[in-house]
Every structure is written in structure tokens, then in C-alpha cells.
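Worksheet: one structure, shown below.
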Amino acid sequence: MNPNFQKIKAFNYYLILLSIVILLGVNSCKPKKEIIRATPHITEKAEEELFSDILSNQLAFSTFSAKLNISLSNAKHTLASKANLKIINDHMLQLSVQPLFGIEIFRFHIDNDTVVILDRMNKRYVKESIDELKNRYLLELDYYTLQSLFTNKLFLGGNKVLTPSDYSKFTYVKTSTNYYLKSINNDSYITYLFMVNGDDRITFSHLFHPINKYSLQWSYSDFTRLGTHIFPYKMRIEISSPKHKLDIDMNYSNIVLDEPMELSITIPKGYTQTNFSDIIKIITADIQ
């Protein structure tokens with residue numbers, strides 16, 4: 001058989017599988033409950049009161065688990081996958097990527113000290129301390145930042161939990177429909193920007209490094225009732241640097257709070273250690 005024909009056939013088969021995954025994701029991840037529309041106009045508030053109300057509206061949990069449908073895209077290609085997200089509040093977060101039939105190909109783990117990535121397809125792993133990554137890449141990567149982004153919370157690099165007294169660390173701008181909160185880290189120069197709607201909920205978070213031109217934008221929509229809280233079931237992430245850009249869409253489903261959970265990371269025997277710089281290659285290898 002013609003080798004080119006075999007390649008075309010394999011590629012078409014892959015596209016069919018990918019289309020099925022995307023269609024399943026679109027159909028299965030829509031919130032079953034009614035999407036709550038935000039109040040169209042903001043209420044006039046003092047800065048301290050606004051900040052306290054934002055914190056009060058944030059999701060409270062001891063453990064958090066959810067199923068995700070994730071779509072990654074660059075300028076040329078798009079890939080979709082299912083995933084499981086598990087969080088033990090203020091302690092540990094684990095994201096397991098499972099494209100088909102529940103088979104894990106990629107696991108991301110972060111706690112207060114360490115980042116671990118398992119690339120099961122290539123039997124390799126990354127294990128780095130957070131402090132080393134900060135010093136090497138000048139990134140405000142820490143556990144609390146990542147946990148806050150996944151769970152729609154305010155945050156600042158280096159702060160474990162924000163309290164009402166932290167309102168003075170931000171500057172405030174008001175429009176007719178939104179508040180904007182801004183803070184600049186004097187050590188790292190990273191700018192933190194948050195947009196808050198008329199219901200005192202975060203709809204947009206942005207981290208920007210003006211020197212390295214790194215940018216992370218995280219948008220929230222499809223706010224839906226989750227127990228006594230309101231939570232965004234849809235998130236869009238835009239990661240960019242001078243040389244790269246990656247867009248990620250995430251749809252949550254089957255969110256479960258406060259159930260007993262144990263998380264740990266074990267590196268399988270026979271896996272080869274690689275560097276953190278290979279993370280981009282691990283994540284985006286299939287969409288280059």
C-alpha cells in the first residue's frame with residue numbers, strides 16, 4: 001500500500017476521533033443548571049466594602065473535584081481532551097489529562113513546594129521546586145496563584161490567603177458595569193489586574209510581566225449555582241510570550257465539594273527525568 005495513502009488514512013482516522021471527543025465535550029459539559037446573568041450595573045461601594053464583598057462571594061471548600069473538557073489551540077491547530085481536576089484546599093492540586101477511554105497520558109501536580117509533571121506517553125517526568133522555578137524564570141508561579149485561578153478567586157503572588165485588610169494593596173477603577181482592581185509587585189514587577197462584575201464576582205484575571213512580556217489572561221463565564229455559591233463553569237485562558245501563544249478553553253462538569261480526598265504523587269519506575277523547560281514541548285507537542 002502506498003505509504004502516503006497510509007498516512008492520509010491515519011490522519012483522517014485521527015480527525016474522526018478528535019471530532020468525536022470535541023462533540024462529546026460540547027454536549028457533556030454544558031451546565032445543567034440555569035446560567036445566572038450578572039447585574040448589569042455596579043453598586044457604588046467604598047473600596048474596603050467592595051473588597052470584602054468579593055472575598056465573601058468566593059467559593060469556600062475543603063476539597064474540590066471536577067471533570068473538565070479542555071481545548072488547546074495555537075495559530076494552526078486545535079486539540080481537545082477530557083481531564084480530571086482535584087484540589088485539597090491550600091495544600092495540593094492535581095490535573096489528570098485523559099483524552100480517550102479514561103487513559104491518563106499527562107498529569108500535573110503542584111503543592112506548596114514542588115511541581116511534578118508526568119508524561120506517560122514518553123515515560124518522562126519533571127520535578128522542580130517552586131523557589132527554583134521562580135528564580136530561574138522570574139515567574140510568580142506558586143500553588144496559591146494556580147489554585148485561585150482554577151477556582152475564581154482573588155490572589156497576589158506570595159500571599160497565601162487574602163483578607164479584607166488587603167484591600168489597600170490594590171488600586172480601583174470604576175465603570176458603569178465593572179470594577180477593576182490592580183496591584184503591582186514591586187519585587188517581580190508583575191502586574192495583577194482583575195475585573196469584577198455587578199455581583200462582585202471576578203470575570204477576568206490578568207498577570208503581566210512588562211519586562212519579559214509574559215502574559216496570562218484567565219476569563220470566567222457561565223456562572224451557575226453550586227450549592228450556596230455561584231461558580232463559573234466556563235473558563236478561557238490565553239498564555240502569550242514574544243514567541244508563543246496558546247489558547248485554552250475549559251468547561252467544568254460534575255463538580256463535587258468537601259468529600260474526603262487523598263492526593264499524592266509517585267513517579268513510576270523507568271521514567272526519565274527532564275527539565276521544566278520541556279513543559280511547553282510536553283503540552284503542545286501534538287499541536288505544532
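Order determines the names: the first chain of the C-alpha cells is A, the second B, and so forth; residues in each chain are numbered 1 upward, and ligands are numbered 1 upward as they are shown.
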May I have the residues within 6 Å of segment 187-197 of chain A as a PyMOL selection string, using only C-alpha atoms and disregarding those fewer than 4 positions away in the same chain?
chain A and resi 178-183+201-209
What parts of segment 36-187 of chain A does DSSP call helix (DSSP H, G or I)? I'd like the answer as a ChimeraX atom specification.
/A:47-57,130-137,143-150,164-169
I'd like the neighbourhood of Asp258 of chain A as an MDAnalysis selection string, where a residue qualifies if any of its atoms comes within 7 Å (using only C-alpha atoms), though same-chain residues fewer than 4 positions away should be ignored.
chainID A and resid 61:64
List as a list in words the protein and nucleic acid residues near Pro232 of chain A, meaning an atom at most 10 Å away when only C-alpha atoms are counted, but skip any in the same chain fewer than 4 places from it.
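Final neighbour list, sorted by chain and number: Pro31, Ile35, Ile36, Phe150, Thr151, Asn152, Arg201, Ile202, Thr203, Ser219, Tyr220, Ser221, Asp222, Phe223, Thr224, Arg225, Leu226, Asn251 and Tyr252 of chain A.
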Compare A:Ile130, A:Ile110, A:Leu55, A:Leu216 by their minimum atom-to-atom distance to Val161 of chain A, counting only C-alpha atoms, and give me the closest one.
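Of the candidates, the smallest distance to Val161 of chain A is held by A:Leu55.
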Enumerate as a ChimeraX atom specification all residues of segment 71-278 of chain A assigned to strand (DSSP E) by DSSP on the backbone, naming them with the chain letters and numbers the document uses.
/A:71-73,78-88,92-98,106-111,114-119,124-129,171-174,179-184,191-196,202-209,214-226,229-240,245-257,272-273
Pick from A:Ser96, A:Gln147, A:Thr272, A:Asn112 nearest to Asp131 of chain A, counting only C-alpha atoms
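So, comparing all the options, the nearest one is A:Asn112.
For Phe108 of chain A, the non-local neighbours within 9 Å, defined as residues at least 2 positions apart in the same chain or in other chains and counting only C-alpha atoms, are Leu93, Gln94, Leu95, Ser96, Val97, Phe106, Ile110, Val115, Val116, Ile117, Leu118 and Asp119 of chain A.
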From the list A:Lys174, A:Lys67, A:His244, A:Lys234, which residue is nearest Lys45 of chain A when using only C-alpha atoms?
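Of A:Lys174, A:Lys67, A:His244, A:Lys234, the one nearest Lys45 of chain A is A:Lys174, counting only C-alpha atoms.
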Using only C-alpha atoms: which of A:Ser240, A:Asn254, A:Asn84, A:Gln273 has the shortest distance to Gly102 of chain A:
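Smallest separation from Gly102 of chain A among the options: A:Asn84.
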